[in-house]
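Below: one structure, written as C-alpha cells.
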Amino acid sequence: MAKRKREAAGKEKGNKKNTREKDQTKLSKMEAYEELLIWAKDKGIVLNGVEPRRIPGRGMGIVATKPLKDNETILTVPSDTLRTYETVPPLIARALPKDISIHGLLAADLAFDPSPSAKYRQWNAVCPMHEDVWDSLPLTWDHRLREFLPKRALELLLKQEAKFKKDWSMVQQSKLLTPTSGEKEDESSEEEGGQLNKTITRDDYLYAWLLVNTRTFYHETPKTKKFKKEDRMVLQPVADLFNHTSYDPSAEDKEGNRETCSVAFSPTAFTITTTRPYTAGEEVYICYGNHSNDFLLIEYGFFFDENVWDEVCIDDAIRPLLDQHHQPNPAQQQQPKKTTRRLNERGKKDPKSQASDQPPKSPKHLLEETGFLGNYNLDPRNPTGCYRTQVALRAVSALSDNPGPQGEKKFRAFVDYGQDPWEESPEEQAKLNALLAQALKQWRGDVIGKKILEGLSQLEWGREGKEDEDVVGRECHRDMLLMRWRQVGRMVDRALEELEC
Ligand SMILES: C[S@@+](CC[C@H](N)C(=O)[O-])C[C@H]1O[C@@H](n2cnc3c(N)ncnc32)[C@H](O)[C@@H]1O
C-alpha cells in the first residue's frame, strides 16, 4: 500500500510536470497557429469569419469569429496549396517503389521532408504532437490491449496494421534509409537542393503515417481516378483543422440540426460552406463520413457518446446460439440408417432416398449457403438487430422446430421469397425475441462483463506482487476501451428492454 502511495505521489509530481510542459506546448502552439494564418494568407487560402482555436478534448478546431449566415463560404484552399502525390519531392518519390500506396508516399513526404525549414514549416508546426497521436490511436497501443477491442475495431486495426507494415517495409528497403534500415543514425544526404533526413525510425514513420491517416481528404480527379479509392487522398492545410460531427438524417428538418458544412473540390480550389447560420464562438464542423464509433476509434482516435451511425458487431453473441442449436437430434440419430441404405434393383442407391442420406442442415450451414453467416450488428436504428441478425434467428428457430427439409423450406420462404411466417404468429415472434435476448444476456455476462470489463480493470494494477511490470497500455487507452464497452453494454440493455417488453 505504502508503495502504491509513493507511486501515486510520484505520478502526481510527474503529472504536474506534464501539465507545465503541456501549458508551454499550448502557448507555442497558439503562436504556431498565428504563424499558420499569416502563411495561409500568403498562399491565397481565405478564411471568412472563422479561425482555428484550441477546443478542450478535441485538439484544435475551427470556430466562428462572427455570426455566419447559411450558405457562406468560410474557407477556400487553392488547389496549388494541396499536398498531393505530385507534390512529393522527387528525391523522396524516386527513392520509393512505384507501387507504394499514396498513403505511404505522403507519409514519407512528411517524415523525410528534405526542407522542413522552408515550404511547410508553419503547417508541420500545428500538427498534433507525437504524444497526442500515441495517446489516442490504437495502432500505437500495447498489443496486449487488442483482445479488449470490439470485434469490428480489431478487424479494422489489423487491416490498418497490414497497410502500415507494407508501406514501412517499402521505405526500409528503399534508398531513403541507410543500410542499417530503421536504426537511428547521424547521417543525412544532400541532393537536388534538399537535405534528406536519413535518421527516421519506425516510430517516426508511424507518426507521419498516422497524421496522413487522420488528416487527408478524399480527392477524386481524372488523375487520381487511376488509383484505388483509398489512395485518392490529399492533404490540405487549414481545412485539416475542422473537427468531425456526425450527420443525423433522421433529424434533418429539425431547426438547427444541419451541423455539418458542405465541402467541394473544383479544379481550382477546395471550399467549405455553411449549411445553417452560426453565432460567433460556435465550433464549425464538417463530416468525415457516416462512421461508427469503432471506425472513429481506429481511424481517428476518438469516438462520440451518442452517434447515430454507431453499430456494434454481435457475431460473438450469435455464434453460441448457432452452435448450440445444431446438435443433431438424438431421435434422428437412431432412425435414418435403414432408409439411407435402401438400394434399388441394380444395387444402386434409390435416388428418392438420397435426400434422406444427407444429415439435416445446421443453421450455420443454411446461413453459409444463403450468404448470411456472420456480420450481425446492433445499432441505434435497429436496437433489436439488423436484418442479417433476424435471418440468423429464423435459421435457428426454423431448424430447431423442424430439423429437416420442412424447417429449411420455412427459412427459405423468408430469405428467398420475402415472406415472414414468423410474423403471422405472436408466439413465433416471441420465440425469436427470446432467442436473441438469451444470446445477448449471455454475451453481456460472460464476455462484456467478465472477460472485458473485469479483465480491463485487473490490468490497471497488474497482477498481485507484479504491479510495476504488468501494467498494460496507458491509463487513457484503458479508459477509452472501458468507455467503448460501457456504450456497447448500454446498446445491449436497450435491445433487451425492447425484446422483453
Ligand atoms: C483532421 S484532424 C482535425 C483537427 C484536430 N483536432 C487537430 O488538433 O489538428 C482529425 C483529428 O481531430 C480529432 N477530432 C476530430 N473531430 C473530433 C471530435 N468531434 N471530437 C474529438 N476529437 C476530434 C481527432 O483526433 C482526429 O484524429
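Going through the C-alpha cells in order, the chains are called A, B, and so on, while each chain numbers its residues from 1 and the ligands are numbered from 1 in the order shown.
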- Message: Around ligand 1, which protein and nucleic acid residues have at least one atom no more than 6 Å from it, if we count only C-alpha atoms and all ligand atoms? List them as a PyMOL selection string.
- Response: chain A and resi 57-61+127-128+214-215+240-245+300-302
Kindly save the residues from that selection, with C-alpha atoms included, as a PDB file, in the first residue's frame.
ATOM      1  CA  GLY A  57     -10.776  17.381 -25.668  1.00  0.00           C
ATOM      2  CA  ARG A  58     -10.554  17.869 -29.411  1.00  0.00           C
ATOM      3  CA  GLY A  59      -7.125  19.405 -30.021  1.00  0.00           C
ATOM      4  CA  MET A  60      -7.626  22.265 -32.445  1.00  0.00           C
ATOM      5  CA  GLY A  61     -10.877  23.079 -34.182  1.00  0.00           C
ATOM      6  CA  CYS A 127       0.018  19.133 -36.380  1.00  0.00           C
ATOM      7  CA  PRO A 128      -0.743  17.101 -33.233  1.00  0.00           C
ATOM      8  CA  THR A 214      -6.277  11.319 -39.740  1.00  0.00           C
ATOM      9  CA  ARG A 215      -5.831  14.453 -41.870  1.00  0.00           C
ATOM     10  CA  ASP A 240      -7.499  19.740 -41.844  1.00  0.00           C
ATOM     11  CA  LEU A 241      -8.251  21.663 -38.646  1.00  0.00           C
ATOM     12  CA  PHE A 242     -12.002  21.094 -38.907  1.00  0.00           C
ATOM     13  CA  ASN A 243     -13.301  18.523 -36.450  1.00  0.00           C
ATOM     14  CA  HIS A 244     -15.894  15.906 -37.277  1.00  0.00           C
ATOM     15  CA  THR A 245     -19.531  15.690 -36.353  1.00  0.00           C
ATOM     16  CA  TYR A 300      -9.255   8.932 -35.810  1.00  0.00           C
ATOM     17  CA  GLY A 301      -8.535   8.060 -32.172  1.00  0.00           C
ATOM     18  CA  PHE A 302     -11.793   9.339 -30.681  1.00  0.00           C
TER      19      PHE A 302
END
- Glu475 of chain A: which residues within 10 Å, counting only C-alpha atoms, same-chain residues fewer than 4 positions away excluded, as an MDAnalysis selection string? chainID A and resid 135 459:460 471 479:481
Just N, CA and C atoms for this one: save the residues we selected as a PDB file, in the first residue's frame.
ATOM      1  N   ASP A 135      -1.365   8.801 -27.583  1.00  0.00           N
ATOM      2  CA  ASP A 135      -2.432   8.705 -26.571  1.00  0.00           C
ATOM      3  C   ASP A 135      -3.709   8.135 -27.176  1.00  0.00           C
ATOM      4  N   LEU A 459      -6.179  -5.243 -15.337  1.00  0.00           N
ATOM      5  CA  LEU A 459      -4.939  -4.768 -15.967  1.00  0.00           C
ATOM      6  C   LEU A 459      -4.415  -3.520 -15.281  1.00  0.00           C
ATOM      7  N   GLU A 460      -5.360  -2.723 -14.739  1.00  0.00           N
ATOM      8  CA  GLU A 460      -4.981  -1.417 -14.226  1.00  0.00           C
ATOM      9  C   GLU A 460      -3.839  -1.479 -13.226  1.00  0.00           C
ATOM     10  N   VAL A 471       1.630  -3.544 -15.848  1.00  0.00           N
ATOM     11  CA  VAL A 471       0.619  -2.599 -16.303  1.00  0.00           C
ATOM     12  C   VAL A 471       0.637  -2.575 -17.837  1.00  0.00           C
ATOM     13  N   ASP A 479      -8.973   3.527 -20.469  1.00  0.00           N
ATOM     14  CA  ASP A 479     -10.214   4.286 -20.253  1.00  0.00           C
ATOM     15  C   ASP A 479     -11.068   4.337 -21.522  1.00  0.00           C
ATOM     16  N   MET A 480     -10.386   4.504 -22.669  1.00  0.00           N
ATOM     17  CA  MET A 480     -11.154   4.553 -23.923  1.00  0.00           C
ATOM     18  C   MET A 480     -11.860   3.224 -24.162  1.00  0.00           C
ATOM     19  N   LEU A 481     -11.140   2.132 -23.876  1.00  0.00           N
ATOM     20  CA  LEU A 481     -11.747   0.809 -24.078  1.00  0.00           C
ATOM     21  C   LEU A 481     -12.925   0.603 -23.132  1.00  0.00           C
TER      22      LEU A 481
END
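Computed from the coordinates, the atom CA of Met483 of chain A to atom CA of Pro56 of chain A distance equals 18.2 Å.
Across the structure, atom CA of Tyr120 of chain A and atom CA of Asp132 of chain A are spaced 20.3 Å apart.
Coordinates place atom CA of Leu210 of chain A at a distance of 26.4 Å from atom CA of Ile38 of chain A.
Minimum atom-to-atom distance to Glu34 of chain A, evaluated using only C-alpha atoms, belongs to A:Ala125 out of A:Leu436, A:Ala125, A:Val447, A:Ala153.
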Set the distance at 12 Å and use only C-alpha atoms: which residues neighbour Gly455 of chain A once local chain neighbours fewer than 2 positions away are removed? I'd like the list as a short mmCIF file (atom, residue, chain, number, x, y, z; two decimals) with N, CA and C atoms, in the first residue's frame.
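Listing of out.cif after writing:
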data_model
loop_
_atom_site.label_atom_id
_atom_site.label_comp_id
_atom_site.auth_asym_id
_atom_site.auth_seq_id
_atom_site.Cartn_x
_atom_site.Cartn_y
_atom_site.Cartn_z
N ARG A 144 -1.17 -6.10 -26.22
CA ARG A 144 -1.97 -6.91 -25.30
C ARG A 144 -3.36 -6.31 -25.07
N LEU A 145 -3.54 -5.04 -25.46
CA LEU A 145 -4.88 -4.44 -25.31
C LEU A 145 -5.82 -4.87 -26.45
N GLU A 147 -6.97 -7.67 -27.37
CA GLU A 147 -8.05 -8.62 -27.06
C GLU A 147 -9.23 -7.91 -26.41
N PHE A 148 -9.05 -6.65 -26.04
CA PHE A 148 -10.15 -5.89 -25.42
C PHE A 148 -10.84 -4.96 -26.40
N LEU A 149 -10.47 -5.05 -27.67
CA LEU A 149 -11.16 -4.22 -28.67
C LEU A 149 -12.42 -4.93 -29.14
N ASP A 446 -20.94 -13.01 -19.83
CA ASP A 446 -19.67 -13.74 -19.95
C ASP A 446 -18.59 -12.93 -20.64
N VAL A 447 -18.97 -12.24 -21.70
CA VAL A 447 -17.93 -11.55 -22.48
C VAL A 447 -17.76 -10.11 -22.02
N ILE A 448 -18.83 -9.29 -22.12
CA ILE A 448 -18.66 -7.87 -21.78
C ILE A 448 -18.31 -7.74 -20.30
N GLY A 449 -19.08 -8.43 -19.45
CA GLY A 449 -18.86 -8.29 -18.01
C GLY A 449 -17.55 -8.91 -17.55
N LYS A 450 -17.43 -10.24 -17.76
CA LYS A 450 -16.27 -10.95 -17.16
C LYS A 450 -15.01 -10.72 -17.95
N LYS A 451 -15.05 -11.07 -19.24
CA LYS A 451 -13.78 -11.05 -20.00
C LYS A 451 -13.27 -9.62 -20.19
N ILE A 452 -14.18 -8.73 -20.57
CA ILE A 452 -13.72 -7.40 -20.95
C ILE A 452 -13.61 -6.46 -19.75
N LEU A 453 -14.75 -6.16 -19.12
CA LEU A 453 -14.71 -5.12 -18.08
C LEU A 453 -13.87 -5.57 -16.88
N SER A 457 -10.17 -4.01 -15.81
CA SER A 457 -9.90 -3.39 -14.51
C SER A 457 -8.77 -4.13 -13.80
N GLN A 458 -8.59 -5.42 -14.09
CA GLN A 458 -7.46 -6.13 -13.49
C GLN A 458 -6.14 -5.64 -14.06
N LEU A 459 -6.18 -5.24 -15.34
CA LEU A 459 -4.94 -4.77 -15.97
C LEU A 459 -4.41 -3.52 -15.28
N GLU A 460 -5.36 -2.72 -14.74
CA GLU A 460 -4.98 -1.42 -14.23
C GLU A 460 -3.84 -1.48 -13.23
N TRP A 461 -3.92 -2.48 -12.31
CA TRP A 461 -2.86 -2.58 -11.31
C TRP A 461 -1.92 -3.74 -11.56
N GLY A 462 -2.20 -4.50 -12.57
CA GLY A 462 -1.33 -5.63 -12.83
C GLY A 462 -1.59 -6.74 -11.85
N ARG A 463 -0.85 -7.83 -12.00
CA ARG A 463 -1.07 -8.98 -11.11
C ARG A 463 -0.48 -8.71 -9.73
N VAL A 472 -0.52 -2.82 -18.40
CA VAL A 472 -0.60 -2.97 -19.86
C VAL A 472 -1.22 -1.71 -20.47
N ARG A 478 -6.78 2.39 -21.69
CA ARG A 478 -7.72 1.50 -20.99
C ARG A 478 -9.05 2.22 -20.76
N LEU A 481 -11.14 2.13 -23.88
CA LEU A 481 -11.75 0.81 -24.08
C LEU A 481 -12.93 0.60 -23.13
N LEU A 482 -12.74 1.03 -21.87
CA LEU A 482 -13.84 0.88 -20.90
C LEU A 482 -15.06 1.67 -21.36
N TRP A 485 -16.80 -0.08 -24.23
CA TRP A 485 -17.57 -1.28 -23.85
C TRP A 485 -18.79 -0.91 -23.02
#
- Please provide as a ChimeraX atom specification all residues within 9 Å of Pro421 of chain A, with the sequence filter that same-chain residues fewer than 5 positions apart are discarded (counting only C-alpha atoms). /A:410-411,413-414,428
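Ranking A:Lys159, A:Asn48, A:Thr76, A:Arg412 by their shortest atom-to-atom distance to Ala269 of chain A, with only C-alpha atoms included, puts A:Thr76 first.
Between Arg484 of chain A and the residues A:Val312, A:Leu393, A:Leu496, A:Val415, the shortest atom-to-atom distance, using only C-alpha atoms, involves A:Val312.
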- Please provide as a list in words all residues within 8 Å of Ile45 of chain A, with the sequence filter that same-chain residues fewer than 4 positions apart are discarded (counting only C-alpha atoms). Ala40, Lys41, Leu75, Thr76, Val77 and Pro78 of chain A
- Query: Leaving out Leu321 of chain A and any residue of its chain fewer than 2 positions from it, which residues lie within 9 Å of it when counting only C-alpha atoms, given as an MDAnalysis selection string?
  - Reply: chainID A and resid 317:319 323:326 393 396 435:436 438:439
Would you list, as a CSV table (one decimal) with N, CA and C atoms, in the first residue's frame, the residues of segment 90-221 of chain A that end up in helix (DSSP H, G or I) under DSSP run on this structure's backbone?
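Produced file result30.csv, reproduced below:
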chain,number,residue,atom,x,y,z
A,90,PRO,N,10.9,14.9,-55.7
A,90,PRO,CA,11.4,13.8,-56.5
A,90,PRO,C,12.4,13.0,-55.7
A,91,LEU,N,13.2,13.7,-54.9
A,91,LEU,CA,14.2,13.0,-54.1
A,91,LEU,C,13.6,11.8,-53.2
A,92,ILE,N,12.4,12.1,-52.8
A,92,ILE,CA,11.7,11.0,-52.0
A,92,ILE,C,10.9,10.1,-52.9
A,93,ALA,N,10.2,10.7,-53.8
A,93,ALA,CA,9.3,9.8,-54.6
A,93,ALA,C,10.1,8.8,-55.4
A,102,ILE,N,-0.4,5.7,-52.0
A,102,ILE,CA,-0.3,7.1,-51.9
A,102,ILE,C,-0.2,7.5,-50.4
A,103,HIS,N,-0.8,6.8,-49.5
A,103,HIS,CA,-0.8,7.0,-48.1
A,103,HIS,C,0.7,6.9,-47.7
A,104,GLY,N,1.4,5.8,-48.1
A,104,GLY,CA,2.8,5.6,-47.7
A,104,GLY,C,3.7,6.7,-48.3
A,105,LEU,N,3.4,7.1,-49.5
A,105,LEU,CA,4.2,8.1,-50.1
A,105,LEU,C,4.1,9.5,-49.4
A,106,LEU,N,2.8,9.9,-49.1
A,106,LEU,CA,2.6,11.1,-48.4
A,106,LEU,C,3.2,11.1,-47.0
A,107,ALA,N,3.2,9.9,-46.3
A,107,ALA,CA,3.8,9.8,-45.0
A,107,ALA,C,5.3,9.9,-45.1
A,108,ALA,N,5.9,9.4,-46.2
A,108,ALA,CA,7.3,9.5,-46.4
A,108,ALA,C,7.7,11.0,-46.6
A,109,ASP,N,6.8,11.7,-47.3
A,109,ASP,CA,7.0,13.1,-47.6
A,109,ASP,C,7.1,13.9,-46.2
A,110,LEU,N,6.1,13.6,-45.3
A,110,LEU,CA,6.1,14.2,-44.0
A,110,LEU,C,7.3,13.8,-43.2
A,111,ALA,N,7.6,12.5,-43.2
A,111,ALA,CA,8.7,12.0,-42.3
A,111,ALA,C,10.1,12.5,-42.8
A,112,PHE,N,10.3,12.4,-44.1
A,112,PHE,CA,11.7,12.6,-44.6
A,112,PHE,C,11.8,14.1,-45.2
A,121,ARG,N,6.9,24.5,-43.0
A,121,ARG,CA,7.2,24.6,-41.6
A,121,ARG,C,6.0,25.0,-40.8
A,122,GLN,N,5.3,26.0,-41.2
A,122,GLN,CA,4.1,26.6,-40.4
A,122,GLN,C,3.0,25.5,-40.3
A,123,TRP,N,2.9,24.7,-41.3
A,123,TRP,CA,1.9,23.7,-41.3
A,123,TRP,C,2.3,22.5,-40.4
A,124,ASN,N,3.5,22.1,-40.6
A,124,ASN,CA,4.1,21.0,-39.7
A,124,ASN,C,3.9,21.4,-38.2
A,130,HIS,N,3.6,14.0,-31.4
A,130,HIS,CA,3.8,12.5,-31.2
A,130,HIS,C,2.9,12.0,-30.1
A,131,GLU,N,3.0,12.6,-28.9
A,131,GLU,CA,2.4,12.2,-27.7
A,131,GLU,C,0.8,12.1,-27.9
A,132,ASP,N,0.3,13.2,-28.6
A,132,ASP,CA,-1.2,13.2,-28.8
A,132,ASP,C,-1.6,12.0,-29.6
A,133,VAL,N,-0.8,11.6,-30.6
A,133,VAL,CA,-1.1,10.5,-31.5
A,133,VAL,C,-1.0,9.2,-30.7
A,134,TRP,N,0.0,9.1,-29.9
A,134,TRP,CA,0.3,7.9,-29.1
A,134,TRP,C,-0.8,7.7,-28.0
A,135,ASP,N,-1.4,8.8,-27.6
A,135,ASP,CA,-2.4,8.7,-26.6
A,135,ASP,C,-3.7,8.1,-27.2
A,136,SER,N,-4.0,8.5,-28.5
A,136,SER,CA,-5.3,8.2,-28.9
A,136,SER,C,-5.4,7.1,-30.0
A,138,PRO,N,-5.2,3.6,-31.6
A,138,PRO,CA,-4.9,2.2,-31.2
A,138,PRO,C,-3.7,1.5,-31.9
A,139,LEU,N,-3.4,1.9,-33.1
A,139,LEU,CA,-2.2,1.3,-33.8
A,139,LEU,C,-0.9,1.4,-33.0
A,140,THR,N,-0.9,2.4,-32.1
A,140,THR,CA,0.3,2.7,-31.3
A,140,THR,C,0.3,2.0,-30.0
A,143,HIS,N,0.1,-4.2,-27.7
A,143,HIS,CA,-0.6,-5.2,-28.4
A,143,HIS,C,-1.5,-6.0,-27.5
A,144,ARG,N,-1.2,-6.1,-26.2
A,144,ARG,CA,-2.0,-6.9,-25.3
A,144,ARG,C,-3.4,-6.3,-25.1
A,145,LEU,N,-3.5,-5.0,-25.5
A,145,LEU,CA,-4.9,-4.4,-25.3
A,145,LEU,C,-5.8,-4.9,-26.4
A,146,ARG,N,-5.2,-5.5,-27.5
A,146,ARG,CA,-6.1,-5.8,-28.6
A,146,ARG,C,-7.2,-6.8,-28.3
A,147,GLU,N,-7.0,-7.7,-27.4
A,147,GLU,CA,-8.0,-8.6,-27.1
A,147,GLU,C,-9.2,-7.9,-26.4
A,148,PHE,N,-9.0,-6.6,-26.0
A,148,PHE,CA,-10.1,-5.9,-25.4
A,148,PHE,C,-10.8,-5.0,-26.4
A,151,LYS,N,-15.0,-6.5,-31.8
A,151,LYS,CA,-14.5,-7.3,-32.9
A,151,LYS,C,-14.3,-6.4,-34.2
A,152,ARG,N,-15.2,-5.6,-34.5
A,152,ARG,CA,-15.1,-4.8,-35.7
A,152,ARG,C,-13.9,-3.8,-35.6
A,153,ALA,N,-13.6,-3.3,-34.4
A,153,ALA,CA,-12.5,-2.4,-34.2
A,153,ALA,C,-11.2,-3.2,-34.5
A,154,LEU,N,-11.2,-4.4,-34.0
A,154,LEU,CA,-9.9,-5.2,-34.1
A,154,LEU,C,-9.7,-5.5,-35.6
A,155,GLU,N,-10.8,-5.9,-36.3
A,155,GLU,CA,-10.6,-6.2,-37.7
A,155,GLU,C,-10.0,-4.9,-38.5
A,156,LEU,N,-10.6,-3.8,-38.1
A,156,LEU,CA,-10.1,-2.5,-38.8
A,156,LEU,C,-8.6,-2.3,-38.5
A,157,LEU,N,-8.3,-2.5,-37.2
A,157,LEU,CA,-6.9,-2.3,-36.7
A,157,LEU,C,-5.9,-3.2,-37.5
A,158,LEU,N,-6.3,-4.5,-37.6
A,158,LEU,CA,-5.4,-5.4,-38.3
A,158,LEU,C,-5.2,-5.1,-39.7
A,159,LYS,N,-6.3,-4.6,-40.4
A,159,LYS,CA,-6.2,-4.1,-41.8
A,159,LYS,C,-5.2,-2.9,-41.9
A,160,GLN,N,-5.4,-2.0,-40.9
A,160,GLN,CA,-4.6,-0.8,-40.9
A,160,GLN,C,-3.1,-1.2,-40.7
A,161,GLU,N,-2.9,-2.1,-39.8
A,161,GLU,CA,-1.6,-2.5,-39.4
A,161,GLU,C,-0.9,-3.2,-40.7
A,162,ALA,N,-1.7,-4.0,-41.4
A,162,ALA,CA,-1.1,-4.6,-42.6
A,162,ALA,C,-0.7,-3.6,-43.6
A,163,LYS,N,-1.5,-2.6,-43.8
A,163,LYS,CA,-1.2,-1.5,-44.7
A,163,LYS,C,0.1,-0.8,-44.3
A,164,PHE,N,0.1,-0.5,-43.0
A,164,PHE,CA,1.3,0.3,-42.5
A,164,PHE,C,2.6,-0.6,-42.7
A,165,LYS,N,2.5,-1.9,-42.3
A,165,LYS,CA,3.7,-2.7,-42.4
A,165,LYS,C,4.2,-2.8,-43.8
A,166,LYS,N,3.3,-2.8,-44.8
A,166,LYS,CA,3.6,-2.9,-46.2
A,166,LYS,C,4.4,-1.6,-46.6
A,167,ASP,N,3.8,-0.5,-46.2
A,167,ASP,CA,4.4,0.8,-46.6
A,167,ASP,C,5.8,0.9,-45.9
A,168,TRP,N,5.9,0.6,-44.6
A,168,TRP,CA,7.1,0.7,-43.9
A,168,TRP,C,8.2,-0.2,-44.4
A,169,SER,N,7.8,-1.4,-44.8
A,169,SER,CA,8.8,-2.3,-45.4
A,169,SER,C,9.3,-1.7,-46.7
A,170,MET,N,8.5,-1.1,-47.5
A,170,MET,CA,9.0,-0.5,-48.7
A,170,MET,C,10.0,0.7,-48.4
A,171,VAL,N,9.6,1.4,-47.4
A,171,VAL,CA,10.5,2.5,-47.0
A,171,VAL,C,11.9,2.0,-46.5
A,172,GLN,N,11.8,0.9,-45.7
A,172,GLN,CA,13.0,0.3,-45.2
A,172,GLN,C,13.9,-0.2,-46.3
A,173,GLN,N,13.3,-0.8,-47.3
A,173,GLN,CA,14.1,-1.3,-48.4
A,173,GLN,C,14.6,-0.3,-49.4
A,202,ARG,N,11.1,3.6,-37.2
A,202,ARG,CA,9.8,3.1,-37.4
A,202,ARG,C,8.7,4.0,-36.8
A,203,ASP,N,9.0,4.5,-35.6
A,203,ASP,CA,8.1,5.3,-34.8
A,203,ASP,C,7.9,6.7,-35.5
A,204,ASP,N,9.0,7.2,-36.1
A,204,ASP,CA,8.9,8.5,-36.8
A,204,ASP,C,7.9,8.3,-38.0
A,205,TYR,N,8.2,7.2,-38.7
A,205,TYR,CA,7.4,7.0,-39.9
A,205,TYR,C,5.9,6.7,-39.5
A,206,LEU,N,5.7,5.9,-38.5
A,206,LEU,CA,4.4,5.6,-38.0
A,206,LEU,C,3.6,6.9,-37.6
A,207,TYR,N,4.3,7.8,-37.0
A,207,TYR,CA,3.7,9.1,-36.6
A,207,TYR,C,3.3,9.9,-37.9
A,208,ALA,N,4.1,9.9,-38.9
A,208,ALA,CA,3.8,10.6,-40.1
A,208,ALA,C,2.6,9.9,-40.8
A,209,TRP,N,2.7,8.6,-40.8
A,209,TRP,CA,1.6,7.7,-41.4
A,209,TRP,C,0.3,8.0,-40.8
A,210,LEU,N,0.3,8.1,-39.5
A,210,LEU,CA,-1.0,8.3,-38.8
A,210,LEU,C,-1.5,9.8,-38.9
A,211,LEU,N,-0.6,10.7,-39.1
A,211,LEU,CA,-1.0,12.1,-39.4
A,211,LEU,C,-1.7,12.1,-40.8
A,212,VAL,N,-1.1,11.4,-41.7
A,212,VAL,CA,-1.8,11.3,-43.0
A,212,VAL,C,-3.2,10.6,-42.9
A,213,ASN,N,-3.2,9.5,-42.1
A,213,ASN,CA,-4.4,8.8,-41.9
A,213,ASN,C,-5.6,9.7,-41.3
A,214,THR,N,-5.2,10.6,-40.4
A,214,THR,CA,-6.3,11.3,-39.7
A,214,THR,C,-6.5,12.7,-40.4
A,215,ARG,N,-5.7,13.1,-41.4
A,215,ARG,CA,-5.8,14.5,-41.9
A,215,ARG,C,-6.1,14.6,-43.4
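Of the residues listed (A:Leu196, A:Leu440, A:Leu366, A:Leu177), A:Leu366 shows the shortest atom-to-atom separation from Ala398 of chain A; distances use only C-alpha atoms.
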- Determine, counting only C-alpha atoms, which protein, DNA and RNA residues have an atom within 7 Å of an atom of Pro383 of chain A; residues of the same chain fewer than 4 positions away are not included. Present the result as a PyMOL selection string. chain A and resi 378-379+494-495
